[in-house]
file protein-v4.cif (mmCIF, C-alpha atoms)
data_structure
#
loop_
_atom_site.label_atom_id
_atom_site.label_comp_id
_atom_site.auth_asym_id
_atom_site.auth_seq_id
_atom_site.Cartn_x
_atom_site.Cartn_y
_atom_site.Cartn_z
CA MET A 2 3.83 -11.69 -1.95
CA ALA A 3 1.29 -12.56 -4.62
CA ASP A 4 -0.56 -15.80 -4.70
CA ALA A 5 0.18 -17.62 -7.95
CA GLN A 6 -3.51 -18.47 -8.14
CA LYS A 7 -4.24 -14.77 -8.57
CA LEU A 8 -1.91 -14.33 -11.54
CA THR A 9 -3.71 -13.41 -14.73
CA HIS A 10 -3.08 -15.29 -17.94
CA THR A 11 -1.00 -12.39 -19.26
CA SER A 12 1.15 -12.20 -16.12
CA ALA A 13 1.60 -15.97 -16.22
CA MET A 14 2.67 -15.77 -19.84
CA ILE A 15 5.24 -13.08 -19.02
CA LEU A 16 6.48 -15.11 -16.07
CA HIS A 17 6.90 -18.13 -18.36
CA ALA A 18 8.79 -15.98 -20.86
CA VAL A 19 11.23 -14.84 -18.14
CA ALA A 20 11.57 -18.44 -16.98
CA ALA A 21 12.35 -19.46 -20.58
CA GLY A 22 15.29 -17.05 -20.65
CA HIS A 23 13.77 -13.90 -22.15
CA ILE A 24 15.30 -11.72 -19.53
CA TYR A 25 14.89 -8.25 -21.08
CA GLY A 26 11.63 -6.32 -21.42
CA TYR A 27 11.88 -6.14 -25.19
CA THR A 28 12.69 -9.84 -25.60
CA VAL A 29 9.65 -10.65 -23.42
CA MET A 30 7.59 -8.50 -25.81
CA GLU A 31 8.96 -10.39 -28.79
CA ALA A 32 8.40 -13.79 -27.20
CA THR A 33 4.84 -13.10 -26.05
CA GLY A 34 3.68 -10.76 -28.81
CA LEU A 35 2.33 -8.39 -26.17
CA ALA A 36 2.58 -4.61 -26.42
CA SER A 37 5.08 -2.57 -24.42
CA GLY A 38 2.21 -0.99 -22.47
CA THR A 39 1.27 -4.44 -21.20
CA VAL A 40 4.68 -6.03 -20.66
CA TYR A 41 6.50 -3.34 -18.69
CA PRO A 42 3.70 -2.63 -16.15
CA ALA A 43 3.23 -6.40 -15.70
CA LEU A 44 6.96 -6.84 -15.07
CA ARG A 45 6.75 -4.15 -12.39
CA ARG A 46 3.84 -5.89 -10.69
CA LEU A 47 5.64 -9.23 -10.79
CA GLU A 48 8.69 -7.57 -9.26
CA ARG A 49 6.57 -5.95 -6.56
CA ASP A 50 5.12 -9.37 -5.78
CA GLN A 51 8.69 -10.73 -5.51
CA LEU A 52 8.18 -13.28 -8.27
CA ILE A 53 10.98 -11.74 -10.35
CA ARG A 54 13.82 -9.38 -9.51
CA SER A 55 15.49 -6.88 -11.76
CA GLN A 56 19.07 -5.81 -12.04
CA TRP A 57 21.00 -3.42 -14.25
CA GLU A 58 23.85 -5.01 -16.10
CA ARG A 59 27.32 -3.68 -15.39
CA GLN A 60 28.30 -0.50 -17.20
CA SER A 61 31.62 -2.05 -18.26
CA ILE A 62 29.82 -4.82 -20.18
CA ALA A 63 27.62 -2.31 -21.97
CA ASP A 64 30.58 -0.02 -22.69
CA ALA A 65 32.54 -2.90 -24.18
CA GLU A 66 29.68 -3.56 -26.59
CA GLN A 67 29.11 0.16 -27.19
CA ARG A 68 25.46 0.17 -26.13
CA PRO A 69 23.50 1.42 -23.13
CA PRO A 70 23.23 -0.91 -20.12
CA ARG A 71 20.02 -2.93 -19.93
CA LYS A 72 17.84 -3.94 -17.07
CA TYR A 73 17.30 -7.67 -16.90
CA TYR A 74 14.90 -9.82 -14.96
CA LYS A 75 15.40 -13.09 -13.14
CA LEU A 76 12.96 -15.43 -11.49
CA THR A 77 13.07 -15.58 -7.70
CA ARG A 78 12.46 -18.77 -5.73
CA ALA A 79 8.84 -17.73 -5.23
CA GLY A 80 8.67 -17.08 -8.97
CA ASP A 81 9.87 -20.64 -9.69
CA THR A 82 7.07 -21.98 -7.51
CA ALA A 83 4.58 -19.65 -9.20
CA VAL A 84 5.65 -20.90 -12.66
CA GLU A 85 4.97 -24.47 -11.56
CA GLU A 86 1.58 -23.50 -10.18
CA THR A 87 0.62 -21.59 -13.32
CA ARG A 88 1.57 -24.65 -15.39
CA ARG A 89 -1.19 -26.50 -13.55
CA ARG A 90 -3.61 -23.59 -13.78
CA TYR A 91 -3.01 -22.78 -17.44
CA PRO A 92 -2.15 -26.14 -19.08
CA LEU A 93 -2.34 -24.73 -22.60
CA LEU A 94 0.16 -22.03 -21.71
CA ALA A 95 2.50 -24.69 -20.32
CA GLN A 96 2.22 -26.66 -23.57
CA LEU A 97 3.00 -23.58 -25.65
CA ALA A 98 5.97 -22.73 -23.46
CA SER A 99 7.41 -26.24 -23.69
CA ARG A 100 6.88 -26.28 -27.48
CA ALA A 101 8.68 -22.95 -27.80
CA GLU A 102 11.57 -24.35 -25.77
CA VAL A 103 11.80 -27.40 -28.08
CA GLU A 104 11.76 -25.14 -31.16
CA GLN A 105 14.52 -23.01 -29.67
CA GLN A 106 16.69 -26.11 -29.18
CA MET B 29 17.91 16.87 -36.27
CA SER B 30 18.18 13.28 -35.09
CA ALA B 31 15.43 10.82 -36.09
CA ARG B 32 15.19 9.85 -32.42
CA TRP B 33 13.62 13.13 -31.35
CA TRP B 34 10.02 11.94 -31.77
CA PRO B 35 10.22 8.77 -29.60
CA ASP B 36 12.25 10.70 -27.06
CA THR B 37 9.60 13.42 -26.95
CA ILE B 38 6.95 10.77 -26.28
CA LEU B 39 9.09 9.34 -23.48
CA ARG B 40 9.62 12.78 -21.95
CA ALA B 41 5.88 13.45 -22.05
CA ALA B 42 5.14 10.06 -20.45
CA ALA B 43 7.80 10.70 -17.79
CA LEU B 44 5.65 13.54 -16.44
CA LEU B 45 3.18 10.91 -15.26
CA ALA B 46 5.84 8.98 -13.31
CA PRO B 47 6.51 9.97 -9.67
CA PRO B 48 9.13 12.77 -9.52
CA GLY B 49 11.51 10.72 -7.37
CA ASP B 50 11.63 7.84 -9.86
CA ARG B 51 11.43 9.90 -13.05
CA GLY B 52 15.12 9.89 -13.93
CA ARG B 53 15.55 6.18 -13.33
CA TRP B 54 12.33 5.42 -15.19
CA LEU B 55 13.37 7.50 -18.21
CA ALA B 56 16.83 5.88 -18.29
CA GLU B 57 15.20 2.45 -18.33
CA TRP B 58 12.92 3.27 -21.26
CA ARG B 59 15.70 5.00 -23.20
CA SER B 60 17.98 2.01 -22.80
CA GLU B 61 15.23 -0.31 -24.07
CA LEU B 62 14.48 2.06 -26.93
CA TRP B 63 18.03 1.62 -28.19
CA TYR B 64 17.23 -2.00 -29.13
CA ILE B 65 13.95 -1.32 -30.91
CA PRO B 66 13.98 -1.23 -34.73
CA ARG B 67 13.48 2.32 -35.96
CA GLY B 68 10.08 1.68 -37.55
CA GLY B 69 8.48 0.50 -34.32
CA GLN B 70 10.00 3.02 -31.91
CA ALA B 71 7.06 5.42 -31.71
CA ARG B 72 4.60 2.59 -31.09
CA PHE B 73 6.91 1.12 -28.49
CA CYS B 74 7.12 4.46 -26.70
CA LEU B 75 3.35 4.86 -26.52
CA GLY B 76 3.36 1.99 -23.99
CA ALA B 77 5.44 4.21 -21.72
CA PHE B 78 2.34 6.19 -20.74
CA ARG B 79 0.69 3.10 -19.30
CA ASP B 80 3.90 2.08 -17.56
CA ALA B 81 4.34 5.55 -16.03
CA VAL B 82 0.80 5.43 -14.68
CA GLU B 83 1.50 1.98 -13.24
CA VAL B 84 4.71 3.21 -11.57
CA ARG B 85 2.78 6.09 -10.02
CA ARG B 86 0.03 3.74 -8.84
CA LEU B 87 2.54 1.35 -7.24
CA ASP B 88 4.36 4.29 -5.65
CA TRP B 89 1.09 5.66 -4.28
CA ARG B 90 0.19 2.28 -2.75
CA ALA B 91 3.66 1.70 -1.30
CA THR B 92 3.98 5.09 0.37
CA PRO B 93 2.22 5.29 3.71
CA ARG B 94 0.49 8.66 3.30
CA LEU B 95 -0.88 8.79 6.80
CA ALA B 96 2.36 7.68 8.47
CA ALA B 97 3.16 11.02 10.07
CA PRO B 98 0.73 12.00 12.85
CA LEU B 99 0.25 15.47 11.40
CA ASN B 100 -0.67 14.01 7.98
CA CYS B 101 -3.18 11.73 9.64
CA LEU B 102 -4.80 14.60 11.56
CA THR B 103 -4.85 16.80 8.43
CA PHE B 104 -6.48 14.02 6.46
CA LEU B 105 -9.15 13.53 9.14
CA ALA B 106 -9.73 17.30 9.34
CA LEU B 107 -10.24 17.45 5.56
CA LEU B 108 -12.66 14.54 5.76
CA GLY B 109 -14.46 16.38 8.56
CA ILE B 110 -14.80 19.51 6.39
CA ALA B 111 -16.07 17.39 3.49
CA SER B 112 -18.59 15.77 5.87
CA PHE B 113 -19.76 19.21 6.97
CA CYS B 114 -20.21 20.21 3.32
CA VAL B 115 -22.26 17.06 2.68
CA VAL B 116 -24.49 17.80 5.71
CA ALA B 117 -24.85 21.44 4.61
CA GLY B 118 -25.76 20.28 1.10
CA LEU B 119 -28.38 17.97 2.50
CA SER B 120 -30.05 20.75 4.51
CA GLY B 121 -33.05 20.65 2.13
CA PRO B 122 -33.84 16.94 2.50
CA LEU B 123 -33.05 17.22 6.23
CA GLU B 124 -35.85 19.69 6.85
CA LYS B 125 -38.27 16.89 6.07
CA TYR B 126 -36.98 14.99 9.11
CA ALA B 127 -36.30 18.04 11.27
CA THR B 128 -39.39 17.51 13.36
CA LEU B 129 -38.10 14.08 14.27
CA TRP B 130 -34.40 14.73 14.83
CA HIS B 131 -34.12 18.54 15.03
CA LEU B 132 -30.86 18.36 13.13
CA ASN B 133 -29.66 20.88 10.60
CA PRO B 134 -26.27 22.26 9.60
CA ARG B 135 -26.50 25.08 12.17
CA ARG B 136 -26.65 22.47 14.88
CA PHE B 137 -23.64 20.64 13.49
CA PRO B 138 -21.45 21.19 16.61
CA ALA B 139 -24.27 20.02 18.87
CA GLY B 140 -24.73 16.97 16.64
CA CYS B 141 -21.01 16.24 16.88
CA GLY B 142 -21.35 16.50 20.66
CA LEU B 143 -24.05 13.86 20.61
CA THR B 144 -22.01 11.52 18.40
CA LEU B 145 -19.06 12.07 20.74
CA ALA B 146 -21.18 11.07 23.72
CA PHE B 147 -22.27 7.90 21.93
CA SER B 148 -18.67 7.22 20.89
CA CYS B 149 -17.56 7.57 24.51
CA VAL B 150 -20.02 4.83 25.43
CA LEU B 151 -18.91 2.56 22.59
CA LEU B 152 -15.14 3.09 22.85
CA PRO B 153 -14.56 1.17 26.11
CA VAL B 154 -16.64 -1.73 24.79
CA ILE B 155 -14.66 -1.87 21.54
CA ARG B 156 -11.41 -1.49 23.50
CA LEU B 157 -12.31 -4.49 25.64
CA ALA B 158 -13.33 -6.57 22.64
CA THR B 159 -10.13 -6.01 20.66
CA PRO B 160 -6.68 -7.37 21.47
CA ARG B 161 -4.67 -4.64 23.08
CA ALA B 162 -1.07 -3.79 23.63
CA PRO B 163 0.31 -5.38 26.79
CA SER B 164 0.25 -3.60 30.07
CA GLN B 165 3.83 -4.73 30.85
CA ASP B 166 5.20 -2.03 28.54
CA PRO B 167 8.39 -0.47 29.81
CA PRO B 168 7.75 2.87 31.52
CA ARG B 169 7.71 5.76 29.08
CA PRO B 170 8.40 9.44 29.72
CA TRP B 171 5.27 11.41 30.54
CA ALA B 172 5.83 13.64 27.50
CA SER B 173 5.47 10.74 25.08
CA LYS B 174 2.44 9.47 27.03
CA LEU B 175 0.88 12.93 26.80
CA ARG B 176 1.65 13.10 23.07
CA ALA B 177 -0.01 9.72 22.49
CA ALA B 178 -3.07 10.71 24.54
CA MET B 179 -3.41 14.02 22.69
CA PHE B 180 -3.10 12.32 19.32
CA LEU B 181 -5.74 9.72 20.22
CA THR B 182 -8.09 12.39 21.58
CA LEU B 183 -7.71 14.53 18.47
CA LYS B 184 -8.40 11.54 16.25
CA ILE B 185 -11.55 10.69 18.22
CA LEU B 186 -12.72 14.31 17.97
CA LEU B 187 -11.97 14.57 14.26
CA VAL B 188 -13.92 11.44 13.31
CA GLN B 189 -17.10 12.83 14.90
CA PRO B 190 -18.13 14.97 11.88
CA ILE B 191 -17.63 11.90 9.68
CA LEU B 192 -19.85 9.83 11.98
CA LEU B 193 -22.45 12.58 12.06
CA CYS B 194 -22.43 12.75 8.27
CA GLY B 195 -22.91 8.98 8.15
CA PHE B 196 -25.73 9.30 10.65
CA VAL B 197 -27.48 11.96 8.53
CA LEU B 198 -27.08 9.93 5.34
CA PHE B 199 -28.45 6.84 7.04
CA LEU B 200 -31.30 8.94 8.41
CA ILE B 201 -32.36 9.82 4.89
CA VAL B 202 -31.78 6.38 3.39
CA GLY B 203 -33.27 4.66 6.45
CA GLN B 204 -36.85 5.52 5.56
CA ALA B 205 -36.88 2.59 3.15
CA ALA B 206 -35.32 -0.10 5.39
CA PRO B 207 -35.08 1.10 9.01
CA VAL B 208 -33.63 -2.05 10.59
CA ALA B 209 -30.96 -2.58 7.94
CA THR B 210 -30.01 1.09 8.18
CA GLN B 211 -29.67 0.99 11.93
CA LEU B 212 -27.44 -2.06 11.69
CA ALA B 213 -25.37 -0.41 8.96
CA LEU B 214 -25.03 2.72 11.09
CA LEU B 215 -23.86 0.71 14.08
CA ALA B 216 -21.39 -1.15 11.86
CA LEU B 217 -20.06 2.17 10.55
CA TRP B 218 -19.70 3.51 14.07
CA ILE B 219 -17.88 0.43 15.32
CA GLY B 220 -15.74 0.31 12.17
CA VAL B 221 -14.58 3.92 12.49
CA LEU B 222 -13.85 3.69 16.22
CA ARG B 223 -12.10 0.37 15.73
CA TRP B 224 -9.92 2.00 13.06
CA VAL B 225 -9.04 4.78 15.51
CA LEU B 226 -7.87 2.24 18.09
CA ASP B 227 -6.13 -0.08 15.60
CA ASP B 228 -4.33 2.87 14.04
CA GLN B 229 -3.17 3.95 17.48
CA GLN B 230 -1.88 0.47 18.24
CA ASN B 231 0.04 0.36 14.95
CA ARG B 232 1.91 3.55 15.78
CA CYS B 233 5.16 4.09 17.56
CA PRO B 234 4.39 5.06 21.18
CA GLU B 235 7.31 7.51 21.13
CA CYS B 236 6.77 9.54 17.95
CA GLN B 237 3.27 8.41 16.88
CA ARG B 238 4.47 7.53 13.38
CA LEU B 239 2.81 4.57 11.67
CA LEU B 240 4.97 1.44 11.96
CA GLY B 241 6.19 -0.06 8.70
CA GLY B 242 8.42 -2.69 7.12
CA PRO B 243 6.47 -5.69 8.38
CA VAL B 244 8.41 -8.96 8.40
CA ARG B 245 7.34 -12.49 9.25
CA ILE B 246 9.13 -14.40 11.96
CA GLY B 247 8.76 -18.15 12.20
CA VAL B 248 6.33 -20.42 10.39
CA ALA B 249 3.31 -21.81 12.20
CA SER B 250 3.66 -25.34 10.85
CA ARG B 251 7.35 -25.54 11.80
CA THR B 252 7.18 -24.01 15.22
CA PHE B 253 6.15 -25.83 18.34
CA LEU B 254 5.60 -23.84 21.50
CA GLU B 255 7.65 -20.98 20.15
CA TRP B 256 6.78 -17.44 19.23
CA TYR B 257 5.85 -16.71 15.64
CA GLY B 258 4.12 -13.78 14.04
CA GLY B 259 4.86 -10.41 12.50
CA GLU B 260 7.19 -7.59 13.42
CA SER B 261 6.87 -3.95 12.37
CA SER B 262 9.37 -1.22 13.05
CA CYS B 263 9.36 2.52 13.63
CA SER B 264 11.17 4.33 10.83
CA GLU B 265 12.78 6.58 13.45
CA GLY B 266 14.28 3.53 15.16
CA HIS B 267 12.36 3.87 18.43
CA GLY B 268 11.34 0.23 18.56
CA LEU B 269 9.58 -2.81 17.17
CA LEU B 270 6.02 -4.06 17.54
CA GLN B 271 5.88 -7.84 17.72
CA THR B 272 2.44 -9.24 16.99
CA PRO B 273 1.89 -12.97 17.54
CA ASP B 274 -0.18 -14.93 15.04
CA LEU B 275 -1.50 -17.16 17.77
CA SER B 276 -2.35 -15.92 21.22
CA ALA B 277 -0.65 -17.95 23.95
CA SER B 278 -0.54 -17.64 27.73
CA TYR B 279 2.97 -16.14 27.59
CA CYS B 280 2.18 -13.86 24.67
CA ARG B 281 -1.43 -12.80 24.35
CA SER B 282 -1.10 -9.68 22.28
CA GLY B 283 1.35 -7.36 20.57
CA GLN B 284 4.50 -6.47 22.42
CA TRP B 285 6.43 -3.25 22.03
CA LEU B 286 10.18 -3.73 22.07
CA ARG B 287 12.01 -0.50 22.72
CA LEU B 288 15.34 -0.08 20.93
CA GLY B 289 18.30 1.78 22.35
CA ASN B 290 20.30 4.48 20.60
CA SER B 291 22.85 1.95 19.35
CA TRP B 292 20.22 0.63 16.91
CA HIS B 293 19.69 3.99 15.23
CA GLU B 294 22.43 3.32 12.67
CA LEU B 295 20.12 0.75 11.07
CA PHE B 296 17.33 3.27 10.51
CA PRO B 297 18.12 5.82 7.79
CA ALA B 298 15.39 8.25 8.96
CA ALA B 299 16.76 8.22 12.50
CA SER B 300 20.40 8.73 11.54
CA LYS B 301 19.42 11.49 9.05
CA GLY B 302 17.52 13.31 11.78
CA ARG B 303 20.41 13.00 14.19
CA HIS B 304 23.08 14.21 11.76
CA SER B 305 21.04 17.13 10.42
#
call {"tool": "encode", "arguments": {"input": "protein-v4.cif", "output": "structure tokens"}}
result
Amino acid sequence: MADAQKLTHTSAMILHAVAAGHIYGYTVMEATGLASGTVYPALRRLERDQLIRSQWERQSIADAEQRPPRKYYKLTRAGDTAVEETRRRYPLLAQLASRAEVEQQ
Amino acid sequence: MSARWWPDTILRAAALLAPPGDRGRWLAEWRSELWYIPRGGQARFCLGAFRDAVEVRRLDWRATPRLAAPLNCLTFLALLGIASFCVVAGLSGPLEKYATLWHLNPRRFPAGCGLTLAFSCVLLPVIRLATPRAPSQDPPRPWASKLRAAMFLTLKILLVQPILLCGFVLFLIVGQAAPVATQLALLALWIGVLRWVLDDQQNRCPECQRLLGGPVRIGVASRTFLEWYGGESSCSEGHGLLQTPDLSASYCRSGQWLRLGNSWHELFPAASKGRHS
């Protein structure tokens, strides 16, 4: 499992985006403004480090909406802890994340 | 022709970089994401797939224990030995300069390996005594598995000798500048390689000599008082578990091999596959 102290700023930003409810790869891209070549590999590393876990949505849900099923990401318990630690390590990132949450509301 | 052909072509090209076993799943994931991307940005989005495919391959490479099977390990060491021989042969020119001192050249490679083996035989018992070892209260094993383990260990010791000799020759050349530092580095290399041989042996299943995997933690040091805690690795064939304590205690000084009976084989896919096939 990865130490939250070792998370890069980019990985921390992606972790914050998942924590904020951007659970799909593309929505993480939109929320962070990062390129697909950065977001998807970072999501894989976060999953390998057990900070997030991925799951495919049920085929029936996708069929009902006439679209392909998507893979979504959720924070694990270790990921929750890592988000808190990165808030302390990257205070500016935490401020941006909280501001984005307020704007969403 | 559909307008989607170009992004899909990019994805197919990128998929070639992903590991073959994961390729289908990886491609399905990117195609499903592509469905949600506005048409204008699809090609740019797909270009990121190359980097992701490389990352998937890198993670797959790191996660797969390449030297798990004993034969793979021996092949790898043999290849390293051949490479070492090539390095020594390539250095035959610079070596002639020191030939009067060491009388070593590629033609005397086997004799050189014999000398390194003799030195290794002196060092091995010392390293063995200095490192924590598997307990002597192991349950009795059939002589065939003991013989297999002994042969594997012997072959490993023999196969690392060309590597040690190559290191020795390199240090011989570099050592003209800083003799003491070079001698210390050479000794460190020697101890490091022999220590790896012994550690690798200890991390293998005594029955089949495969590298143990799937390490799990048991117990937490701060929450456990006078109770066992440490790590546990298992043999993929279901032969047993190696329990390694984090803290050496009088009742548990070193790793303990726990042999599993046939009834446990259902839990190990590799074991049940081998039995059914």
call {"tool": "residues_around", "arguments": {"input": "protein-v4.cif", "residues": "Leu270 in chain B", "least_positions_apart": "4", "cutoff": "6 Å", "atoms": "only C-alpha atoms", "output": "ChimeraX atom specification"}}
result
/B:260-261,284-285
call {"tool": "closest_residue", "arguments": {"input": "protein-v4.cif", "among": "B:Arg40, B:Val188, B:Trp34, B:Ala77", "to": "chain A", "atoms": "all atoms listed in the file"}}
result
B:Ala77
call {"tool": "residues_around", "arguments": {"input": "protein-v4.cif", "residues": "Tyr73 in chain A", "least_positions_apart": "4", "cutoff": "7 Å", "atoms": "all atoms listed in the file", "output": "list in words"}}
result
Ile24, Tyr25, Ser55, Gln56 and Trp57 of chain A
call {"tool": "interface_residues", "arguments": {"input": "protein-v4.cif", "of": "chain B", "to": "chain A", "cutoff": "6 Å", "atoms": "all atoms listed in the file", "output": "list in words"}}
result
Ser60, Phe73, Gly76, Arg79, Asp80 and Glu83 of chain B
call {"tool": "residues_around", "arguments": {"input": "protein-v4.cif", "residues": "Arg53 in chain B", "least_positions_apart": "4", "cutoff": "12 Å", "atoms": "all atoms listed in the file", "output": "JSON, numbers by chain"}}
result
{"A": [57, 72], "B": [43, 46, 47, 48, 49, 57, 58, 59, 60, 81, 84]}
call {"tool": "resolve_selection", "arguments": {"input": "protein-v4.cif", "expression": "the PyMOL selection byres ((chain A and resi 86) around 12)", "output": "PDB file with C-alpha atoms, in the frame of the given file"}}
result
ATOM      1  CA  ASP A   4      -0.560 -15.800  -4.700  1.00  0.00           C
ATOM      2  CA  ALA A   5       0.180 -17.620  -7.950  1.00  0.00           C
ATOM      3  CA  GLN A   6      -3.510 -18.470  -8.140  1.00  0.00           C
ATOM      4  CA  LYS A   7      -4.240 -14.770  -8.570  1.00  0.00           C
ATOM      5  CA  LEU A   8      -1.910 -14.330 -11.540  1.00  0.00           C
ATOM      6  CA  ALA A  13       1.600 -15.970 -16.220  1.00  0.00           C
ATOM      7  CA  LEU A  16       6.480 -15.110 -16.070  1.00  0.00           C
ATOM      8  CA  HIS A  17       6.900 -18.130 -18.360  1.00  0.00           C
ATOM      9  CA  ALA A  79       8.840 -17.730  -5.230  1.00  0.00           C
ATOM     10  CA  GLY A  80       8.670 -17.080  -8.970  1.00  0.00           C
ATOM     11  CA  ASP A  81       9.870 -20.640  -9.690  1.00  0.00           C
ATOM     12  CA  THR A  82       7.070 -21.980  -7.510  1.00  0.00           C
ATOM     13  CA  ALA A  83       4.580 -19.650  -9.200  1.00  0.00           C
ATOM     14  CA  VAL A  84       5.650 -20.900 -12.660  1.00  0.00           C
ATOM     15  CA  GLU A  85       4.970 -24.470 -11.560  1.00  0.00           C
ATOM     16  CA  THR A  87       0.620 -21.590 -13.320  1.00  0.00           C
ATOM     17  CA  ARG A  88       1.570 -24.650 -15.390  1.00  0.00           C
ATOM     18  CA  ARG A  89      -1.190 -26.500 -13.550  1.00  0.00           C
ATOM     19  CA  ARG A  90      -3.610 -23.590 -13.780  1.00  0.00           C
ATOM     20  CA  TYR A  91      -3.010 -22.780 -17.440  1.00  0.00           C
ATOM     21  CA  PRO A  92      -2.150 -26.140 -19.080  1.00  0.00           C
ATOM     22  CA  LEU A  94       0.160 -22.030 -21.710  1.00  0.00           C
ATOM     23  CA  ALA A  95       2.500 -24.690 -20.320  1.00  0.00           C
TER      24      ALA A  95
END
call {"tool": "resolve_selection", "arguments": {"input": "protein-v4.cif", "expression": "the PyMOL selection byres ((chain B and resi 207-221) around 8)", "output": "CSV table (one decimal) with C-alpha atoms, in the frame of the given file"}}
result
chain,number,residue,atom,x,y,z
B,148,SER,CA,-18.7,7.2,20.9
B,151,LEU,CA,-18.9,2.6,22.6
B,155,ILE,CA,-14.7,-1.9,21.5
B,188,VAL,CA,-13.9,11.4,13.3
B,192,LEU,CA,-19.8,9.8,12.0
B,195,GLY,CA,-22.9,9.0,8.2
B,196,PHE,CA,-25.7,9.3,10.6
B,199,PHE,CA,-28.4,6.8,7.0
B,200,LEU,CA,-31.3,8.9,8.4
B,202,VAL,CA,-31.8,6.4,3.4
B,203,GLY,CA,-33.3,4.7,6.4
B,204,GLN,CA,-36.8,5.5,5.6
B,205,ALA,CA,-36.9,2.6,3.2
B,206,ALA,CA,-35.3,-0.1,5.4
B,222,LEU,CA,-13.8,3.7,16.2
B,223,ARG,CA,-12.1,0.4,15.7
B,224,TRP,CA,-9.9,2.0,13.1
B,225,VAL,CA,-9.0,4.8,15.5
call {"tool": "resolve_selection", "arguments": {"input": "protein-v4.cif", "expression": "the PyMOL selection byres ((chain B and resi 288) around 8)", "output": "list in words"}}
result
Gly266, His267, Gly268, Leu269, Leu286, Arg287, Gly289, Asn290, Ser291 and Trp292 of chain B
call {"tool": "atom_distance", "arguments": {"input": "protein-v4.cif", "atom1": "CA of Arg238 in chain B", "atom2": "CA of Pro190 in chain B"}}
result
23.8 Å
call {"tool": "closest_residue", "arguments": {"input": "protein-v4.cif", "among": "A:Glu48, A:Leu97, A:Gln67, A:Arg78", "to": "Ala18 in chain A", "atoms": "only C-alpha atoms"}}
result
A:Leu97
call {"tool": "atom_distance", "arguments": {"input": "protein-v4.cif", "atom1": "CA of Leu35 in chain A", "atom2": "CA of Ala63 in chain A"}}
result
26.3 Å
call {"tool": "atom_distance", "arguments": {"input": "protein-v4.cif", "atom1": "CA of Leu181 in chain B", "atom2": "CA of Ile110 in chain B"}}
result
19.2 Å
call {"tool": "residues_around", "arguments": {"input": "protein-v4.cif", "residues": "Arg232 in chain B", "least_positions_apart": "3", "cutoff": "10 Å", "atoms": "all atoms listed in the file", "output": "PyMOL selection string"}}
result
chain B and resi 96-98+177+227-229+235-241+261-263+270
call {"tool": "closest_residue", "arguments": {"input": "protein-v4.cif", "among": "A:Leu52, A:Ile62, A:Leu76, A:Leu93", "to": "Gly22 in chain A", "atoms": "all atoms listed in the file"}}
result
A:Leu76
call {"tool": "axis_aligned_box", "arguments": {"input": "protein-v4.cif", "around": "range 40-44 of chain A", "padding_each_side": "3 Å", "output": "AutoDock Vina command-line options"}}
result
--center_x 5.1 --center_y -4.7 --center_z -17.9 --size_x 9.7 --size_y 10.2 --size_z 11.6
call {"tool": "closest_residue", "arguments": {"input": "protein-v4.cif", "among": "B:Leu105, B:Val82, B:Cys74, B:Ala111", "to": "Leu45 in chain B", "atoms": "all atoms listed in the file"}}
result
B:Val82
call {"tool": "closest_residue", "arguments": {"input": "protein-v4.cif", "among": "A:Glu66, A:Ser12, A:Val19, A:Gln51", "to": "Glu31 in chain A", "atoms": "only C-alpha atoms"}}
result
A:Val19
call {"tool": "decode", "arguments": {"input": "protein-v4.cif", "residues": "range 33-42 of chain A", "atoms": "N, CA and C atoms", "output": "PDB file, in the first residue's frame"}}
result
ATOM      1  N   THR A  33     -10.215  17.935 -13.338  1.00  0.00           N
ATOM      2  CA  THR A  33      -8.824  18.319 -13.049  1.00  0.00           C
ATOM      3  C   THR A  33      -8.169  19.068 -14.201  1.00  0.00           C
ATOM      4  N   GLY A  34      -8.715  18.907 -15.392  1.00  0.00           N
ATOM      5  CA  GLY A  34      -8.100  19.540 -16.569  1.00  0.00           C
ATOM      6  C   GLY A  34      -6.869  18.795 -17.045  1.00  0.00           C
ATOM      7  N   LEU A  35      -6.672  17.593 -16.533  1.00  0.00           N
ATOM      8  CA  LEU A  35      -5.495  16.805 -16.938  1.00  0.00           C
ATOM      9  C   LEU A  35      -5.820  15.986 -18.185  1.00  0.00           C
ATOM     10  N   ALA A  36      -4.773  15.597 -18.905  1.00  0.00           N
ATOM     11  CA  ALA A  36      -4.956  14.835 -20.142  1.00  0.00           C
ATOM     12  C   ALA A  36      -5.246  13.371 -19.826  1.00  0.00           C
ATOM     13  N   SER A  37      -5.841  12.686 -20.797  1.00  0.00           N
ATOM     14  CA  SER A  37      -6.177  11.270 -20.593  1.00  0.00           C
ATOM     15  C   SER A  37      -4.924  10.434 -20.308  1.00  0.00           C
ATOM     16  N   GLY A  38      -3.815  10.806 -20.945  1.00  0.00           N
ATOM     17  CA  GLY A  38      -2.566  10.063 -20.743  1.00  0.00           C
ATOM     18  C   GLY A  38      -1.982  10.231 -19.353  1.00  0.00           C
ATOM     19  N   THR A  39      -2.517  11.173 -18.599  1.00  0.00           N
ATOM     20  CA  THR A  39      -2.073  11.362 -17.208  1.00  0.00           C
ATOM     21  C   THR A  39      -3.066  10.711 -16.251  1.00  0.00           C
ATOM     22  N   VAL A  40      -4.363  10.946 -16.532  1.00  0.00           N
ATOM     23  CA  VAL A  40      -5.394  10.512 -15.582  1.00  0.00           C
ATOM     24  C   VAL A  40      -5.504   8.987 -15.501  1.00  0.00           C
ATOM     25  N   TYR A  41      -5.607   8.318 -16.636  1.00  0.00           N
ATOM     26  CA  TYR A  41      -5.853   6.872 -16.593  1.00  0.00           C
ATOM     27  C   TYR A  41      -4.685   6.088 -15.979  1.00  0.00           C
ATOM     28  N   PRO A  42      -3.428   6.388 -16.368  1.00  0.00           N
ATOM     29  CA  PRO A  42      -2.318   5.682 -15.687  1.00  0.00           C
ATOM     30  C   PRO A  42      -2.281   5.974 -14.174  1.00  0.00           C
TER      31      PRO A  42
END
